[in-house]
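Structure data (PDB, C-alpha atoms and all ligand atoms) from work-v7.pdb:
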ATOM      1  CA  MET O   1       0.000   0.000   0.000  1.00  0.00           C
ATOM      2  CA  ASP O   2       1.146   3.508  -0.768  1.00  0.00           C
ATOM      3  CA  LYS O   3       2.359   5.590   2.096  1.00  0.00           C
ATOM      4  CA  LYS O   4      -0.076   8.238   3.259  1.00  0.00           C
ATOM      5  CA  SER O   5       1.280  11.731   2.667  1.00  0.00           C
ATOM      6  CA  ILE O   6       1.236  14.487   5.244  1.00  0.00           C
ATOM      7  CA  LEU O   7       2.079  18.152   4.854  1.00  0.00           C
ATOM      8  CA  ILE O   8       3.541  19.602   8.045  1.00  0.00           C
ATOM      9  CA  VAL O   9       3.130  23.365   8.141  1.00  0.00           C
ATOM     10  CA  GLU O  10       5.231  24.590  11.046  1.00  0.00           C
ATOM     11  CA  ASP O  11       7.814  27.336  11.336  1.00  0.00           C
ATOM     12  CA  GLU O  12       9.494  26.074  14.490  1.00  0.00           C
ATOM     13  CA  ALA O  13      12.170  23.754  13.125  1.00  0.00           C
ATOM     14  CA  GLN O  14      12.402  21.794  16.351  1.00  0.00           C
ATOM     15  CA  ILE O  15       8.709  20.893  16.255  1.00  0.00           C
ATOM     16  CA  SER O  16       8.551  20.123  12.541  1.00  0.00           C
ATOM     17  CA  ARG O  17      11.658  17.946  12.821  1.00  0.00           C
ATOM     18  CA  PHE O  18      10.111  16.090  15.758  1.00  0.00           C
ATOM     19  CA  LEU O  19       6.846  15.596  13.881  1.00  0.00           C
ATOM     20  CA  GLN O  20       8.680  14.404  10.791  1.00  0.00           C
ATOM     21  CA  LEU O  21      10.639  11.800  12.745  1.00  0.00           C
ATOM     22  CA  GLU O  22       7.560  10.525  14.551  1.00  0.00           C
ATOM     23  CA  LEU O  23       5.412  10.411  11.434  1.00  0.00           C
ATOM     24  CA  GLU O  24       8.041   8.777   9.266  1.00  0.00           C
ATOM     25  CA  HIS O  25       8.472   6.212  11.989  1.00  0.00           C
ATOM     26  CA  GLU O  26       4.737   5.508  11.570  1.00  0.00           C
ATOM     27  CA  ASN O  27       5.318   5.113   7.833  1.00  0.00           C
ATOM     28  CA  TYR O  28       3.870   8.407   6.610  1.00  0.00           C
ATOM     29  CA  ALA O  29       5.572  10.390   3.839  1.00  0.00           C
ATOM     30  CA  CYS O  30       6.192  13.934   5.095  1.00  0.00           C
ATOM     31  CA  THR O  31       6.594  17.289   3.417  1.00  0.00           C
ATOM     32  CA  ILE O  32       7.634  20.200   5.607  1.00  0.00           C
ATOM     33  CA  CYS O  33       6.935  23.858   5.069  1.00  0.00           C
ATOM     34  CA  GLY O  34       7.557  26.753   7.452  1.00  0.00           C
ATOM     35  CA  ASP O  35       5.888  29.564   5.540  1.00  0.00           C
ATOM     36  CA  GLY O  36       2.144  30.175   5.251  1.00  0.00           C
ATOM     37  CA  ARG O  37       1.940  31.406   1.684  1.00  0.00           C
ATOM     38  CA  GLU O  38       4.298  28.727   0.416  1.00  0.00           C
ATOM     39  CA  ALA O  39       2.331  26.069   2.318  1.00  0.00           C
ATOM     40  CA  LEU O  40      -0.904  27.189   0.691  1.00  0.00           C
ATOM     41  CA  ASN O  41       0.645  26.846  -2.759  1.00  0.00           C
ATOM     42  CA  ILE O  42       2.013  23.391  -1.982  1.00  0.00           C
ATOM     43  CA  ALA O  43      -1.319  22.288  -0.485  1.00  0.00           C
ATOM     44  CA  LEU O  44      -3.211  23.502  -3.538  1.00  0.00           C
ATOM     45  CA  ALA O  45      -0.795  21.842  -5.964  1.00  0.00           C
ATOM     46  CA  THR O  46      -0.534  18.453  -4.246  1.00  0.00           C
ATOM     47  CA  ASP O  47      -3.148  16.022  -2.928  1.00  0.00           C
ATOM     48  CA  PHE O  48      -2.019  15.252   0.607  1.00  0.00           C
ATOM     49  CA  ASP O  49      -3.861  12.765   2.776  1.00  0.00           C
ATOM     50  CA  LEU O  50      -3.666  15.211   5.664  1.00  0.00           C
ATOM     51  CA  ILE O  51      -2.260  18.596   6.641  1.00  0.00           C
ATOM     52  CA  ILE O  52      -0.962  19.533  10.085  1.00  0.00           C
ATOM     53  CA  LEU O  53      -1.284  23.279  10.288  1.00  0.00           C
ATOM     54  CA  ASP O  54       0.295  25.726  12.716  1.00  0.00           C
ATOM     55  CA  VAL O  55      -1.500  29.067  13.184  1.00  0.00           C
ATOM     56  CA  MET O  56       1.274  31.589  13.841  1.00  0.00           C
ATOM     57  CA  LEU O  57       3.253  31.458  10.602  1.00  0.00           C
ATOM     58  CA  PRO O  58       5.336  33.860   8.527  1.00  0.00           C
ATOM     59  CA  SER O  59       3.667  35.608   5.543  1.00  0.00           C
ATOM     60  CA  LEU O  60       0.184  34.108   5.994  1.00  0.00           C
ATOM     61  CA  ASN O  61      -1.297  32.725   9.211  1.00  0.00           C
ATOM     62  CA  GLY O  62      -2.720  29.223   9.417  1.00  0.00           C
ATOM     63  CA  ILE O  63      -6.331  30.364   9.672  1.00  0.00           C
ATOM     64  CA  GLU O  64      -5.940  32.288   6.414  1.00  0.00           C
ATOM     65  CA  VAL O  65      -4.142  29.340   4.787  1.00  0.00           C
ATOM     66  CA  LEU O  66      -7.079  27.123   5.729  1.00  0.00           C
ATOM     67  CA  ARG O  67      -9.694  29.629   4.617  1.00  0.00           C
ATOM     68  CA  ARG O  68      -8.115  29.885   1.160  1.00  0.00           C
ATOM     69  CA  LEU O  69      -7.472  26.153   0.893  1.00  0.00           C
ATOM     70  CA  ARG O  70     -11.125  25.376   1.645  1.00  0.00           C
ATOM     71  CA  GLN O  71     -12.250  27.452  -1.322  1.00  0.00           C
ATOM     72  CA  SER O  72     -11.140  24.592  -3.523  1.00  0.00           C
ATOM     73  CA  LYS O  73      -9.937  21.589  -1.482  1.00  0.00           C
ATOM     74  CA  GLN O  74     -11.220  19.369   1.315  1.00  0.00           C
ATOM     75  CA  THR O  75      -7.891  17.853   2.405  1.00  0.00           C
ATOM     76  CA  PRO O  76      -8.246  16.905   6.106  1.00  0.00           C
ATOM     77  CA  VAL O  77      -6.595  19.534   8.307  1.00  0.00           C
ATOM     78  CA  ILE O  78      -5.538  19.293  11.933  1.00  0.00           C
ATOM     79  CA  ILE O  79      -4.705  22.677  13.402  1.00  0.00           C
ATOM     80  CA  LEU O  80      -1.814  22.418  15.828  1.00  0.00           C
ATOM     81  CA  THR O  81      -1.075  25.570  17.716  1.00  0.00           C
ATOM     82  CA  ALA O  82      -0.057  27.145  20.985  1.00  0.00           C
ATOM     83  CA  ARG O  83      -3.078  29.408  20.848  1.00  0.00           C
ATOM     84  CA  ASP O  84      -5.633  27.749  23.031  1.00  0.00           C
ATOM     85  CA  GLN O  85      -8.296  30.389  23.212  1.00  0.00           C
ATOM     86  CA  VAL O  86     -11.799  29.231  22.440  1.00  0.00           C
ATOM     87  CA  VAL O  87     -12.174  31.890  19.768  1.00  0.00           C
ATOM     88  CA  ASP O  88      -9.286  30.382  17.781  1.00  0.00           C
ATOM     89  CA  LYS O  89     -10.780  26.912  17.961  1.00  0.00           C
ATOM     90  CA  VAL O  90     -14.184  28.193  16.879  1.00  0.00           C
ATOM     91  CA  THR O  91     -12.667  30.124  13.983  1.00  0.00           C
ATOM     92  CA  GLY O  92     -10.530  27.174  12.918  1.00  0.00           C
ATOM     93  CA  LEU O  93     -13.371  24.686  13.013  1.00  0.00           C
ATOM     94  CA  ASP O  94     -15.867  27.113  11.485  1.00  0.00           C
ATOM     95  CA  ILE O  95     -13.737  27.572   8.412  1.00  0.00           C
ATOM     96  CA  GLY O  96     -13.269  23.861   7.963  1.00  0.00           C
ATOM     97  CA  ALA O  97     -10.523  22.422  10.159  1.00  0.00           C
ATOM     98  CA  ASN O  98     -11.226  18.752  10.836  1.00  0.00           C
ATOM     99  CA  ASP O  99      -9.567  18.811  14.215  1.00  0.00           C
ATOM    100  CA  TYR O 100      -7.698  21.064  16.604  1.00  0.00           C
ATOM    101  CA  MET O 101      -4.868  20.368  19.014  1.00  0.00           C
ATOM    102  CA  THR O 102      -2.972  22.760  21.226  1.00  0.00           C
ATOM    103  CA  LYS O 103       0.725  22.704  22.069  1.00  0.00           C
ATOM    104  CA  PRO O 104       2.151  21.171  24.089  1.00  0.00           C
ATOM    105  CA  PHE O 105       0.609  18.006  22.710  1.00  0.00           C
ATOM    106  CA  ALA O 106       0.969  14.286  23.304  1.00  0.00           C
ATOM    107  CA  ILE O 107       2.316  12.692  20.137  1.00  0.00           C
ATOM    108  CA  GLU O 108       0.233   9.543  20.751  1.00  0.00           C
ATOM    109  CA  GLU O 109      -2.919  11.631  20.700  1.00  0.00           C
ATOM    110  CA  LEU O 110      -1.884  13.416  17.527  1.00  0.00           C
ATOM    111  CA  LEU O 111      -1.093  10.071  15.861  1.00  0.00           C
ATOM    112  CA  ALA O 112      -4.505   8.723  16.871  1.00  0.00           C
ATOM    113  CA  ARG O 113      -6.221  11.765  15.393  1.00  0.00           C
ATOM    114  CA  ILE O 114      -4.169  11.463  12.203  1.00  0.00           C
ATOM    115  CA  ARG O 115      -5.231   7.818  11.891  1.00  0.00           C
ATOM    116  CA  LEU O 116      -8.844   8.803  12.379  1.00  0.00           C
ATOM    117  CA  HIS O 117      -8.814  11.558   9.763  1.00  0.00           C
ATOM    118  CA  THR O 118      -6.785   9.700   7.161  1.00  0.00           C
ATOM    119  CA  LYS O 119      -8.914   6.600   7.598  1.00  0.00           C
ATOM    120  CA  ASN O 120     -12.094   8.592   7.048  1.00  0.00           C
ATOM    121  CA  SER O 121     -10.855   9.907   3.744  1.00  0.00           C
ATOM    122  CA  ALA O 122      -9.733   6.512   2.476  1.00  0.00           C
ATOM    123  CA  VAL O 123     -12.628   4.235   3.401  1.00  0.00           C
ATOM    124  CA  VAL O 124     -15.475   6.662   3.348  1.00  0.00           C
ATOM    125  CA  SER O 125     -18.355   4.283   2.867  1.00  0.00           C
ATOM    126  CA  ASP O 126     -17.287   1.357   5.023  1.00  0.00           C
ATOM    127  CA  ASN O 127     -19.807   0.177   7.561  1.00  0.00           C
ATOM    128  CA  MET O 128     -18.743  -0.035  11.169  1.00  0.00           C
ATOM    129  CA  VAL O 129     -20.009  -3.245  12.587  1.00  0.00           C
ATOM    130  CA  CYS O 130     -20.402  -4.494  16.135  1.00  0.00           C
ATOM    131  CA  GLY O 131     -22.346  -7.727  16.340  1.00  0.00           C
ATOM    132  CA  LYS O 132     -25.605  -7.071  14.484  1.00  0.00           C
ATOM    133  CA  LEU O 133     -25.282  -3.318  14.858  1.00  0.00           C
ATOM    134  CA  SER O 134     -24.037  -1.579  11.739  1.00  0.00           C
ATOM    135  CA  VAL O 135     -23.308   2.130  11.290  1.00  0.00           C
ATOM    136  CA  ASN O 136     -22.462   3.852   8.034  1.00  0.00           C
ATOM    137  CA  PRO O 137     -20.801   7.200   8.745  1.00  0.00           C
ATOM    138  CA  GLU O 138     -21.142   8.517   5.189  1.00  0.00           C
ATOM    139  CA  ALA O 139     -24.785   7.688   4.643  1.00  0.00           C
ATOM    140  CA  ARG O 140     -25.447   8.319   8.344  1.00  0.00           C
ATOM    141  CA  VAL O 141     -27.515   5.180   8.569  1.00  0.00           C
ATOM    142  CA  ALA O 142     -27.623   2.774  11.497  1.00  0.00           C
ATOM    143  CA  THR O 143     -29.207  -0.661  11.385  1.00  0.00           C
ATOM    144  CA  TYR O 144     -29.646  -3.563  13.764  1.00  0.00           C
ATOM    145  CA  ALA O 145     -29.860  -6.972  12.091  1.00  0.00           C
ATOM    146  CA  GLY O 146     -30.803  -5.104   8.928  1.00  0.00           C
ATOM    147  CA  HIS O 147     -33.593  -3.083  10.585  1.00  0.00           C
ATOM    148  CA  PRO O 148     -33.074   0.666  10.245  1.00  0.00           C
ATOM    149  CA  ILE O 149     -32.789   2.608  13.506  1.00  0.00           C
ATOM    150  CA  ASP O 150     -34.425   6.022  13.372  1.00  0.00           C
ATOM    151  CA  LEU O 151     -32.000   8.426  15.062  1.00  0.00           C
ATOM    152  CA  THR O 152     -31.805  12.183  15.467  1.00  0.00           C
ATOM    153  CA  LYS O 153     -28.598  13.911  14.431  1.00  0.00           C
ATOM    154  CA  LYS O 154     -27.184  14.024  17.970  1.00  0.00           C
ATOM    155  CA  GLU O 155     -28.155  10.421  18.680  1.00  0.00           C
ATOM    156  CA  PHE O 156     -26.388   9.346  15.513  1.00  0.00           C
ATOM    157  CA  ASP O 157     -23.280  11.399  16.337  1.00  0.00           C
ATOM    158  CA  LEU O 158     -23.139   9.840  19.794  1.00  0.00           C
ATOM    159  CA  LEU O 159     -23.593   6.316  18.457  1.00  0.00           C
ATOM    160  CA  LEU O 160     -20.997   6.943  15.752  1.00  0.00           C
ATOM    161  CA  TYR O 161     -18.439   8.180  18.269  1.00  0.00           C
ATOM    162  CA  LEU O 162     -18.977   5.133  20.479  1.00  0.00           C
ATOM    163  CA  MET O 163     -18.672   2.857  17.441  1.00  0.00           C
ATOM    164  CA  GLN O 164     -15.467   4.588  16.337  1.00  0.00           C
ATOM    165  CA  HIS O 165     -14.099   3.834  19.797  1.00  0.00           C
ATOM    166  CA  ARG O 166     -15.659   0.458  20.384  1.00  0.00           C
ATOM    167  CA  ASN O 167     -14.092  -1.595  23.156  1.00  0.00           C
ATOM    168  CA  VAL O 168     -12.832   1.661  24.659  1.00  0.00           C
ATOM    169  CA  VAL O 169     -14.592   3.064  27.722  1.00  0.00           C
ATOM    170  CA  VAL O 170     -15.376   6.695  26.890  1.00  0.00           C
ATOM    171  CA  SER O 171     -15.991   9.168  29.705  1.00  0.00           C
ATOM    172  CA  ARG O 172     -19.015  11.485  29.799  1.00  0.00           C
ATOM    173  CA  GLU O 173     -16.650  14.463  29.615  1.00  0.00           C
ATOM    174  CA  THR O 174     -15.035  13.127  26.439  1.00  0.00           C
ATOM    175  CA  LEU O 175     -18.415  12.438  24.865  1.00  0.00           C
ATOM    176  CA  LEU O 176     -19.613  15.918  25.769  1.00  0.00           C
ATOM    177  CA  ASP O 177     -16.460  17.388  24.269  1.00  0.00           C
ATOM    178  CA  GLU O 178     -16.379  15.295  21.120  1.00  0.00           C
ATOM    179  CA  VAL O 179     -20.072  14.995  20.285  1.00  0.00           C
ATOM    180  CA  TRP O 180     -21.479  18.272  21.584  1.00  0.00           C
ATOM    181  CA  GLY O 181     -18.286  20.245  21.135  1.00  0.00           C
ATOM    182  CA  PHE O 182     -16.232  22.595  23.200  1.00  0.00           C
ATOM    183  CA  ALA O 183     -18.779  25.370  22.640  1.00  0.00           C
ATOM    184  CA  PHE O 184     -21.402  23.427  24.584  1.00  0.00           C
ATOM    185  CA  TYR O 185     -21.265  24.535  28.176  1.00  0.00           C
ATOM    186  CA  GLY O 186     -23.880  22.143  29.504  1.00  0.00           C
ATOM    187  CA  SER O 187     -23.534  19.487  32.151  1.00  0.00           C
ATOM    188  CA  THR O 188     -22.590  15.913  31.351  1.00  0.00           C
ATOM    189  CA  ASN O 189     -26.167  14.944  32.268  1.00  0.00           C
ATOM    190  CA  VAL O 190     -27.060  15.595  28.653  1.00  0.00           C
ATOM    191  CA  VAL O 191     -24.841  12.622  27.754  1.00  0.00           C
ATOM    192  CA  ASP O 192     -26.806  10.343  30.085  1.00  0.00           C
ATOM    193  CA  VAL O 193     -30.059  11.582  28.608  1.00  0.00           C
ATOM    194  CA  TYR O 194     -28.932  10.779  25.063  1.00  0.00           C
ATOM    195  CA  ILE O 195     -27.563   7.402  26.103  1.00  0.00           C
ATOM    196  CA  ARG O 196     -31.077   6.680  27.402  1.00  0.00           C
ATOM    197  CA  TYR O 197     -32.558   7.712  24.050  1.00  0.00           C
ATOM    198  CA  LEU O 198     -30.145   5.395  22.245  1.00  0.00           C
ATOM    199  CA  ARG O 199     -30.925   2.518  24.579  1.00  0.00           C
ATOM    200  CA  ALA O 200     -34.643   3.045  24.077  1.00  0.00           C
ATOM    201  CA  LYS O 201     -34.177   2.893  20.310  1.00  0.00           C
ATOM    202  CA  ILE O 202     -31.614   0.077  20.144  1.00  0.00           C
ATOM    203  CA  ASP O 203     -31.316  -1.992  23.328  1.00  0.00           C
ATOM    204  CA  ASN O 204     -35.008  -1.935  24.240  1.00  0.00           C
ATOM    205  CA  THR O 205     -36.303  -2.273  20.693  1.00  0.00           C
ATOM    206  CA  PHE O 206     -34.120  -5.254  19.798  1.00  0.00           C
ATOM    207  CA  ASN O 207     -33.872  -6.651  23.320  1.00  0.00           C
ATOM    208  CA  VAL O 208     -30.071  -6.485  23.448  1.00  0.00           C
ATOM    209  CA  GLU O 209     -27.462  -4.760  25.568  1.00  0.00           C
ATOM    210  CA  ILE O 210     -25.282  -2.819  23.179  1.00  0.00           C
ATOM    211  CA  ILE O 211     -24.313   0.181  25.271  1.00  0.00           C
ATOM    212  CA  GLU O 212     -22.668  -0.748  28.521  1.00  0.00           C
ATOM    213  CA  THR O 213     -22.320   1.576  31.512  1.00  0.00           C
ATOM    214  CA  VAL O 214     -18.987   1.355  33.288  1.00  0.00           C
ATOM    215  CA  ARG O 215     -19.640   2.776  36.717  1.00  0.00           C
ATOM    216  CA  GLY O 216     -17.573   5.848  37.455  1.00  0.00           C
ATOM    217  CA  ALA O 217     -15.855   5.660  34.062  1.00  0.00           C
ATOM    218  CA  GLY O 218     -18.309   6.118  31.232  1.00  0.00           C
ATOM    219  CA  TYR O 219     -19.850   4.133  28.389  1.00  0.00           C
ATOM    220  CA  VAL O 220     -18.625   1.496  25.971  1.00  0.00           C
ATOM    221  CA  ILE O 221     -19.911  -0.511  23.027  1.00  0.00           C
ATOM    222  CA  ARG O 222     -18.405  -3.983  22.783  1.00  0.00           C
TER     223      ARG O 222
HETATM  224 CA    CA A   1       4.428  29.031  14.671  1.00  0.00          CA
END

Let me see whether you can do it: turn the structure in this file into structure tokens.
Ligand code: CA
Amino acid sequence: MDKKSILIVEDEAQISRFLQLELEHENYACTICGDGREALNIALATDFDLIILDVMLPSLNGIEVLRRLRQSKQTPVIILTARDQVVDKVTGLDIGANDYMTKPFAIEELLARIRLHTKNSAVVSDNMVCGKLSVNPEARVATYAGHPIDLTKKEFDLLLYLMQHRNVVVSRETLLDEVWGFAFYGSTNVVDVYIRYLRAKIDNTFNVEIIETVRGAGYVIR
């Protein structure tokens, strides 16, 4: 299989060198660029599997690079920056970043997010299957033993996230963060409420126990 290609847009040589070493170790092909305008040109001219994008860059900042890139390309972008203010995250995600990480970052987490976003672009229409439960992220359809499950948008997002992390116990805080987003300042009770909705529509309807509660830890689909 061809190596997945990643464009690293980062003007701090120490960080880009570190990322390059880590990513090449994971068998990605890396291109490095430390200048915003130059990075935009490279990103427009080449089809990368993913772009890691710093915000504070010479000549053109990362937000502007992304804004211009999105006018013509949907390459997955993870913004990686020291700026951790909510307004930056909102701006970045609003203009089409697929993900957002702040420095300092854990390389394992970045690698996991890279896997997630490069996988999504490669196998877009694959069903995720757990027993008789099947979820198609592209068509946004969920079925149990072939029977369609009628879900609202949030219910589907929650189910999808749990399926993407099946066999992993996910905390309420993580679910709130990932499914409702950082802009949602509610309590984690909303997670419990939606888990109940899902159970009513899946577990109760088909008389199974798909979504497991792990006391004090969160929820898991196995
Ligand atoms: Ca920078």

Would you list the contacts of stretch 102-113 of chain O as a short mmCIF file (atom, residue, chain, number, x, y, z; two decimals) with C-alpha atoms, in the coordinates of the input, taking every protein, DNA or RNA residue within 9 Å and counting all atoms listed in the file, but skipping same-chain residues closer than 5 positions in sequence?
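Written file, around_18.cif:
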data_model
loop_
_atom_site.label_atom_id
_atom_site.label_comp_id
_atom_site.auth_asym_id
_atom_site.auth_seq_id
_atom_site.Cartn_x
_atom_site.Cartn_y
_atom_site.Cartn_z
CA LEU O 19 6.85 15.60 13.88
CA GLU O 22 7.56 10.52 14.55
CA LEU O 23 5.41 10.41 11.43
CA GLU O 26 4.74 5.51 11.57
CA ILE O 78 -5.54 19.29 11.93
CA ILE O 79 -4.70 22.68 13.40
CA LEU O 80 -1.81 22.42 15.83
CA THR O 81 -1.08 25.57 17.72
CA ALA O 82 -0.06 27.14 20.98
CA ARG O 83 -3.08 29.41 20.85
CA ASP O 84 -5.63 27.75 23.03
CA THR O 118 -6.78 9.70 7.16
#

Ground truth for the PyMOL selection byres (((not hetatm)) within 8 of (chain A and resi 1)), written as a JSON list (two decimals) with C-alpha atoms, in the coordinates of the input:
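Result written to selection-v4.json:
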[["chain", "number", "residue", "atom", "x", "y", "z"],
["O", 10, "GLU", "CA", 5.23, 24.59, 11.05],
["O", 11, "ASP", "CA", 7.81, 27.34, 11.34],
["O", 12, "GLU", "CA", 9.49, 26.07, 14.49],
["O", 54, "ASP", "CA", 0.30, 25.73, 12.72],
["O", 55, "VAL", "CA", -1.50, 29.07, 13.18],
["O", 56, "MET", "CA", 1.27, 31.59, 13.84],
["O", 57, "LEU", "CA", 3.25, 31.46, 10.60],
["O", 58, "PRO", "CA", 5.34, 33.86, 8.53],
["O", 81, "THR", "CA", -1.08, 25.57, 17.72],
["O", 82, "ALA", "CA", -0.06, 27.14, 20.98]]

- Can you pull out every residue within 12 Å of stretch 137-142 of chain O, counting all atoms listed in the file, but drop anything in the same chain fewer than 2 positions away, and send it as a VMD selection string? chain O and resid 119 to 130 132 to 135 144 to 161 163 to 164 198 201 to 202

- Task: Rank nothing, just name the residue among O:Asp177, O:Gly131, O:Val191, O:Pro76 nearest to O:Val208, using all atoms listed in the file.
- Result: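 Closest to O:Val208 of all the choices is O:Gly131.
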
- For this file, the PyMOL selection byres (((chain O and resi 28) around 10) and not hetatm) selects which residues, as a PyMOL selection string? chain O and resi 2-6+20-27+29-31+49

Name the residues that the PyMOL selection byres (((chain O and resi 210) around 8) and not hetatm) pulls out of this structure, and write them as a PDB file with C-alpha atoms, in the coordinates of the input.
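Saved the output as out.pdb:
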ATOM      1  CA  ARG O 199     -30.925   2.518  24.579  1.00  0.00           C
ATOM      2  CA  ILE O 202     -31.614   0.077  20.144  1.00  0.00           C
ATOM      3  CA  ASP O 203     -31.316  -1.992  23.328  1.00  0.00           C
ATOM      4  CA  VAL O 208     -30.071  -6.485  23.448  1.00  0.00           C
ATOM      5  CA  GLU O 209     -27.462  -4.760  25.568  1.00  0.00           C
ATOM      6  CA  ILE O 211     -24.313   0.181  25.271  1.00  0.00           C
ATOM      7  CA  GLU O 212     -22.668  -0.748  28.521  1.00  0.00           C
ATOM      8  CA  ILE O 221     -19.911  -0.511  23.027  1.00  0.00           C
ATOM      9  CA  ARG O 222     -18.405  -3.983  22.783  1.00  0.00           C
TER      10      ARG O 222
END

- Which protein, DNA or RNA residues have an atom at most 8 Å from (1.5, 35.4, 5.8), counting all atoms listed in the file? List them as a list in words.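 The residues near that point, listed by chain and number, are Asp35, Gly36, Arg37, Leu57, Pro58, Ser59, Leu60 and Asn61 of chain O.
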
Please report, as AutoDock Vina command-line options, the centre and edge lengths in Å to one decimal of an axis-aligned box covering all listed atoms of stretch 154-157 of chain O with 4 Å per side.
--center_x -25.7 --center_y 11.7 --center_z 17.1 --size_x 12.9 --size_y 12.7 --size_z 11.2

- Looking at O:Thr205, O:Val77, O:His117, O:Thr143, which one is nearest to O:Leu93, with distances taken over only C-alpha atoms?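 With only C-alpha atoms as the atom set, the closest residue is O:Val77.
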
- Kindly give the distance, in Å, that separates atom CA of O:Arg67 and atom CA of O:Ile32, rounded to a single decimal. 19.8 Å

- Item | Distance in Å - atom CA of O:Gly216 versus atom CA of O:Glu178 |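 Result for atom CA of O:Gly216 versus atom CA of O:Glu178: 18.9 Å, one decimal.
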
- Message: Please compute the atom CA of O:Ser171-atom CA of O:Tyr219 distance, one decimal, in Å.
- Response: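 Computing it gives 6.5 Å between the two atoms.
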